[in-house]
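Visitor: Data file data_21.txt (compact mmCIF, C-alpha atoms) is appended below.
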```txt
# COMPACT_ATOMS: atom_id res chain seq x y z
CA ALA A 1 -12.53 58.26 2.88
CA GLN A 2 -12.14 54.53 2.58
CA SER A 3 -10.00 52.16 4.61
CA VAL A 4 -9.28 48.46 4.96
CA THR A 5 -8.11 46.49 7.97
CA GLN A 6 -6.77 42.99 7.60
CA LEU A 7 -6.78 41.15 10.90
CA GLY A 8 -3.62 39.12 11.30
CA SER A 9 -0.46 39.94 9.42
CA HIS A 10 0.48 36.25 9.42
CA VAL A 11 -1.76 33.20 9.16
CA SER A 12 -0.40 29.68 9.28
CA VAL A 13 -2.38 26.57 8.33
CA SER A 14 -1.70 22.93 7.59
CA GLU A 15 -2.14 21.58 4.11
CA GLY A 16 -5.76 20.52 3.70
CA ALA A 17 -7.03 22.81 6.45
CA LEU A 18 -9.48 25.68 6.08
CA VAL A 19 -8.02 29.03 5.09
CA LEU A 20 -9.67 32.13 6.57
CA LEU A 21 -8.20 35.58 5.95
CA ARG A 22 -10.07 38.44 7.54
CA CYS A 23 -10.83 41.82 6.01
CA ASN A 24 -12.95 44.66 7.33
CA TYR A 25 -13.57 47.83 5.39
CA SER A 26 -14.86 51.32 5.89
CA SER A 27 -16.57 53.22 3.09
CA SER A 28 -19.02 56.10 2.90
CA VAL A 29 -20.37 54.85 -0.44
CA PRO A 30 -21.31 51.35 -1.65
CA PRO A 31 -17.95 49.70 -2.03
CA TYR A 32 -16.26 47.52 -4.56
CA LEU A 33 -14.11 44.99 -2.72
CA PHE A 34 -11.18 42.96 -3.95
CA TRP A 35 -8.75 40.28 -2.92
CA TYR A 36 -5.37 40.17 -4.65
CA VAL A 37 -2.58 37.64 -4.17
CA GLN A 38 1.12 38.39 -4.44
CA TYR A 39 3.65 35.61 -4.79
CA PRO A 40 7.26 36.39 -3.87
CA ASN A 41 8.86 38.91 -6.23
CA GLN A 42 5.80 39.02 -8.43
CA GLY A 43 2.98 41.41 -9.17
CA LEU A 44 -0.56 41.39 -7.88
CA GLN A 45 -3.03 38.89 -9.25
CA LEU A 46 -6.77 39.35 -8.83
CA LEU A 47 -8.37 36.49 -6.89
CA LEU A 48 -11.92 37.79 -6.79
CA LYS A 49 -14.03 40.91 -6.54
CA TYR A 50 -17.37 42.09 -5.21
CA THR A 51 -19.12 44.75 -7.29
CA SER A 52 -22.60 44.93 -5.73
CA ALA A 53 -24.02 41.78 -7.31
CA ALA A 54 -24.04 38.42 -5.46
CA THR A 55 -22.71 38.69 -1.93
CA LEU A 56 -20.91 35.34 -2.14
CA VAL A 57 -18.15 35.68 -4.67
CA LYS A 58 -16.16 32.82 -6.10
CA GLY A 59 -12.68 33.38 -7.41
CA ILE A 60 -9.75 31.53 -8.85
CA ASN A 61 -7.90 28.64 -7.21
CA GLY A 62 -10.90 27.64 -5.08
CA PHE A 63 -11.10 30.86 -3.08
CA GLU A 64 -14.32 32.62 -2.21
CA ALA A 65 -15.38 35.60 -0.14
CA GLU A 66 -18.63 36.81 1.32
CA PHE A 67 -19.66 40.46 1.48
CA LYS A 68 -21.42 41.19 4.78
CA LYS A 69 -22.61 44.76 4.87
CA SER A 70 -23.82 44.58 8.48
CA GLU A 71 -20.35 43.49 9.59
CA THR A 72 -18.47 45.60 7.00
CA SER A 73 -16.48 42.48 6.25
CA PHE A 74 -15.20 40.66 3.19
CA HIS A 75 -13.37 37.62 4.54
CA LEU A 76 -11.53 35.28 2.17
CA THR A 77 -11.87 31.52 2.57
CA LYS A 78 -10.73 28.31 0.96
CA PRO A 79 -11.94 24.93 2.24
CA SER A 80 -8.66 23.10 1.82
CA ALA A 81 -5.25 24.75 1.73
CA HIS A 82 -2.61 23.72 -0.76
CA MET A 83 1.10 24.34 -0.53
CA SER A 84 0.86 26.53 -3.62
CA ASP A 85 -1.45 28.93 -1.74
CA ALA A 86 1.48 30.24 0.30
CA ALA A 87 1.70 33.92 -0.60
CA GLU A 88 0.70 37.37 0.62
CA TYR A 89 -2.92 38.36 0.28
CA PHE A 90 -4.24 41.89 0.03
CA CYS A 91 -7.78 43.09 0.55
CA ALA A 92 -8.71 46.36 -1.15
CA VAL A 93 -11.69 48.71 -1.44
CA SER A 94 -12.72 51.25 -4.06
CA ASP A 95 -15.77 53.30 -4.84
CA GLY A 96 -16.17 51.58 -8.18
CA ALA A 97 -15.75 52.57 -11.76
CA GLY A 98 -18.36 55.28 -11.60
CA GLY A 99 -16.99 56.87 -8.47
CA THR A 100 -15.07 60.09 -8.29
CA SER A 101 -11.80 58.27 -7.73
CA TYR A 102 -11.91 56.28 -10.98
CA GLY A 103 -11.43 52.93 -9.33
CA LYS A 104 -8.56 53.93 -7.08
CA LEU A 105 -7.85 51.06 -4.66
CA THR A 106 -7.17 51.49 -0.96
CA PHE A 107 -5.32 48.44 0.31
CA GLY A 108 -5.06 46.68 3.62
CA GLN A 109 -1.67 45.93 5.07
CA GLY A 110 -1.59 42.38 3.74
CA THR A 111 -1.68 38.92 5.29
CA ILE A 112 1.09 36.40 4.74
CA LEU A 113 -0.30 32.89 4.43
CA THR A 114 2.02 30.02 5.31
CA VAL A 115 0.98 26.45 4.52
CA HIS A 116 2.65 23.61 6.42
CA PRO A 117 2.86 20.08 5.02
CA ASP B 1 0.69 38.72 -24.66
CA THR B 2 1.54 40.64 -21.49
CA ALA B 3 -1.41 42.80 -20.45
CA VAL B 4 0.49 45.40 -18.40
CA SER B 5 4.24 45.57 -18.84
CA GLN B 6 6.85 47.65 -17.07
CA THR B 7 10.49 48.36 -17.78
CA PRO B 8 12.89 47.97 -16.21
CA LYS B 9 12.12 45.20 -13.74
CA TYR B 10 15.03 46.19 -11.52
CA LEU B 11 16.63 49.60 -11.16
CA VAL B 12 19.61 50.34 -8.92
CA THR B 13 20.84 53.90 -8.78
CA GLN B 14 22.54 56.43 -6.56
CA MET B 15 21.01 59.24 -4.59
CA GLY B 16 20.52 62.40 -6.57
CA ASN B 17 20.09 60.68 -9.92
CA ASP B 18 17.07 60.98 -12.19
CA LYS B 19 15.37 57.83 -13.48
CA SER B 20 12.29 56.78 -15.42
CA ILE B 21 10.05 53.74 -15.36
CA LYS B 22 7.93 52.90 -18.36
CA CYS B 23 4.54 51.22 -18.43
CA GLU B 24 2.44 49.97 -21.30
CA GLN B 25 -0.92 48.23 -21.37
CA ASN B 26 -2.46 46.41 -24.32
CA LEU B 27 -5.90 45.95 -22.76
CA GLY B 28 -7.46 49.05 -24.26
CA HIS B 29 -8.20 50.43 -20.81
CA ASP B 30 -8.92 54.12 -20.28
CA THR B 31 -7.47 54.45 -16.78
CA MET B 32 -3.91 53.87 -15.64
CA TYR B 33 -2.27 54.11 -12.23
CA TRP B 34 1.02 54.10 -10.38
CA TYR B 35 1.15 52.43 -6.98
CA LYS B 36 4.08 52.29 -4.58
CA GLN B 37 4.78 49.26 -2.37
CA ASP B 38 7.13 50.12 0.46
CA SER B 39 9.50 47.88 2.37
CA LYS B 40 6.67 46.74 4.65
CA LYS B 41 4.66 45.68 1.58
CA PHE B 42 2.14 48.48 2.07
CA LEU B 43 0.55 49.52 -1.23
CA LYS B 44 -0.53 53.09 -1.84
CA ILE B 45 -1.71 54.86 -4.94
CA MET B 46 0.44 57.66 -6.31
CA PHE B 47 -1.23 58.80 -9.51
CA SER B 48 -4.11 57.99 -11.78
CA TYR B 49 -4.69 59.03 -15.38
CA ASN B 50 -7.89 58.73 -17.36
CA ASN B 51 -7.62 59.13 -21.11
CA LYS B 52 -4.23 60.83 -20.70
CA GLU B 53 -5.58 63.28 -18.13
CA LEU B 54 -4.23 63.36 -14.57
CA ILE B 55 -7.12 62.73 -12.20
CA ILE B 56 -5.46 61.60 -8.97
CA ASN B 57 -2.28 62.92 -7.39
CA GLU B 58 -1.98 61.56 -3.89
CA THR B 59 0.30 64.15 -2.26
CA VAL B 60 3.34 62.73 -3.95
CA PRO B 61 6.49 64.90 -3.89
CA ASN B 62 6.86 66.91 -7.05
CA ARG B 63 10.12 65.07 -7.75
CA PHE B 64 7.76 62.42 -9.17
CA SER B 65 6.28 63.34 -12.52
CA PRO B 66 4.01 61.00 -14.43
CA LYS B 67 3.55 61.37 -18.15
CA SER B 68 0.98 59.76 -20.38
CA PRO B 69 1.87 60.20 -24.06
CA ASP B 70 -1.17 58.15 -25.07
CA LYS B 71 -3.88 56.03 -23.49
CA ALA B 72 -1.72 52.89 -23.52
CA HIS B 73 1.32 54.35 -21.80
CA LEU B 74 2.00 55.89 -18.41
CA ASN B 75 5.59 56.62 -17.52
CA LEU B 76 7.01 57.72 -14.18
CA HIS B 77 9.97 60.04 -13.98
CA ILE B 78 11.71 60.60 -10.67
CA ASN B 79 14.14 63.47 -10.11
CA SER B 80 16.80 63.75 -7.42
CA LEU B 81 16.28 60.26 -6.05
CA GLU B 82 16.35 59.79 -2.29
CA LEU B 83 16.95 56.71 -0.16
CA GLY B 84 13.28 56.72 0.84
CA ASP B 85 12.25 56.26 -2.77
CA SER B 86 13.46 52.67 -2.63
CA ALA B 87 10.36 50.57 -3.18
CA VAL B 88 8.52 48.47 -5.73
CA TYR B 89 6.50 50.57 -8.15
CA PHE B 90 3.49 48.97 -9.79
CA CYS B 91 1.71 50.21 -12.85
CA ALA B 92 -1.93 49.19 -13.32
CA SER B 93 -4.78 49.80 -15.73
CA SER B 94 -8.52 49.39 -15.48
CA GLN B 95 -11.78 49.64 -17.32
CA GLY B 96 -14.86 49.25 -15.18
CA GLY B 97 -13.01 49.66 -11.92
CA THR B 98 -10.96 46.46 -11.63
CA PRO B 99 -7.24 47.19 -11.93
CA THR B 100 -4.86 44.80 -13.66
CA PHE B 101 -1.36 45.17 -12.29
CA GLY B 102 2.00 45.00 -13.99
CA PRO B 103 4.90 42.92 -12.65
CA GLY B 104 6.46 45.81 -10.76
CA THR B 105 9.77 47.67 -10.87
CA ARG B 106 12.04 47.27 -7.87
CA LEU B 107 13.89 50.55 -7.36
CA THR B 108 16.89 50.56 -5.04
CA VAL B 109 18.53 53.87 -4.22
CA THR B 110 22.00 53.66 -2.69
```
How does the structure come out when it is put into structure tokens?
Guide:
Amino acid sequence: AQSVTQLGSHVSVSEGALVLLRCNYSSSVPPYLFWYVQYPNQGLQLLLKYTSAATLVKGINGFEAEFKKSETSFHLTKPSAHMSDAAEYFCAVSDGAGGTSYGKLTFGQGTILTVHP
Amino acid sequence: DTAVSQTPKYLVTQMGNDKSIKCEQNLGHDTMYWYKQDSKKFLKIMFSYNNKELIINETVPNRFSPKSPDKAHLNLHINSLELGDSAVYFCASSQGGTPTFGPGTRLTVT
């Protein structure tokens, strides 16, 4: 079974400050890892994904995440927060396209990012 | 040019009614999913279809019945709606293991 834990249901930063959203996962097989963003009353948009290639993954809107197997972590960072980054962020794990679950995602509980001017 | 579309976007209905949500993807993906996002924003998979075949059914009550008439469509029919069914339902599709999500359908049962 796979699981995801996002540390901190709410994170608040000032505009221009570093954004760090934490995600730890559990998986019995090599994982695929994802970060999705959800703006109010909208669907889920893929920010970035790790699929067993480079451990440092760059995504859209200046976000990046680093896969650390030894720490079972996939934390999301952005050097400088912008007001438009305010949203809810979800970390998710799957066993990949070739796994028995056909890419089923198991999500964390989400982290709401607030950006102050 | 919407990749994954769902109708309706909002659905308000009374307990005991039967309702359907439709989903279509134009990405040519083989796999489609239904996810449920509850009032606490927790997302959980309900069903997954691959090439019109049901491959995942995550202990969802049998009042929920998915149907895939073809690879591009995955509909969700819900019988005898209950208050606890109120949620946002997301359709998604994938090829290669990275799901693309639809905009969601907000179901409110009164």
Visitor: Go through A:Ala92, A:Pro117, A:Gly43, A:Glu71 and flag the residue nearest Ala92 in chain B, using all atoms listed in the file for the distances.
Guide: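 Of A:Ala92, A:Pro117, A:Gly43, A:Glu71, the one nearest Ala92 in chain B is A:Gly43, counting all atoms listed in the file.
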Visitor: Please find the residues of chain B near chain A - the criterion being any atom within 12 Å, counting only C-alpha atoms - and write them as a ChimeraX atom specification.
Guide: /B:3-6,9-10,29-51,53-58,88-106
Visitor: In Å, rounded to a single decimal, give me how far CA of Val19 in chain A is from CA of Gln2 in chain A.
Guide: 26.0 Å
Visitor: For Lys22 in chain B, find every residue with an atom within 9 Å (counting only C-alpha atoms), except residues of its own chain fewer than 6 positions away, and show them as a ChimeraX atom specification.
Guide: /B:5-8,73-77,91
Visitor: Excluding range 4-10 of chain A and residues on its chain fewer than 6 positions from it, collect all residues at most 6 Å away from it, counting only C-alpha atoms, and give them as a compact mmCIF listing (two decimals) with C-alpha atoms, keeping the file's coordinate frame.
Guide:
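Generated file (out-v7.txt):
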```txt
# COMPACT_ATOMS: atom_id res chain seq x y z
CA ARG A 22 -10.07 38.44 7.54
CA CYS A 23 -10.83 41.82 6.01
CA ASN A 24 -12.95 44.66 7.33
CA TYR A 25 -13.57 47.83 5.39
CA GLY A 108 -5.06 46.68 3.62
CA THR A 111 -1.68 38.92 5.29
CA ILE A 112 1.09 36.40 4.74
```
Visitor: What is the CA of Ala1 in chain A-CA of Ser73 in chain A distance in Å, reported with one decimal?
Guide: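 Computing the Euclidean distance for CA of Ala1 in chain A and CA of Ser73 in chain A yields 16.6 Å.
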Visitor: Near Ser84 in chain A, within 10 Å and counting all atoms listed in the file, which residues show up once chain neighbours fewer than 4 positions away are dropped, as a count of residues only?
Guide: 5
Visitor: Could you check how far CA of Glu64 in chain A sits from CA of Ser14 in chain A, in Å to one decimal?
Guide: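 Separating CA of Glu64 in chain A from CA of Ser14 in chain A is a distance of 18.7 Å.
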Visitor: Using all atoms listed in the file and a cutoff of 8 Å, can you tell me which residues are near (-11.6, 21.3, 4.4) in the file's coordinates, and write them out as a ChimeraX atom specification?
Guide: /A:16-18,78-81
Visitor: Restricted to C-alpha atoms, what would the selected residues look like written as a short mmCIF file (atom, residue, chain, number, x, y, z; two decimals), keeping the file's coordinate frame?
Guide:
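Output saved as out.cif:
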```
data_model
loop_
_atom_site.label_atom_id
_atom_site.label_comp_id
_atom_site.auth_asym_id
_atom_site.auth_seq_id
_atom_site.Cartn_x
_atom_site.Cartn_y
_atom_site.Cartn_z
CA GLY A 16 -5.76 20.52 3.70
CA ALA A 17 -7.03 22.81 6.45
CA LEU A 18 -9.48 25.68 6.08
CA LYS A 78 -10.73 28.31 0.96
CA PRO A 79 -11.94 24.93 2.24
CA SER A 80 -8.66 23.10 1.82
CA ALA A 81 -5.25 24.75 1.73
#
```
Visitor: For Val109 in chain B, please output as a list in words all residues within 6 Å (counting only C-alpha atoms; exclusion window: fewer than 3 positions along the same chain).
Guide: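 Listed by chain and then number, they are Val12, Thr13, Gln14, Met15, Leu83 and Ser86 of chain B.
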Visitor: Show which residues sit within 8 Å of Thr55 in chain A, as a list in words. Count all atoms listed in the file, and ignore same-chain residues fewer than 3 positions away.
Guide: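 After dropping sequence-adjacent residues, the list is Tyr50, Ser52, Glu66, Phe67 and Lys68 of chain A.
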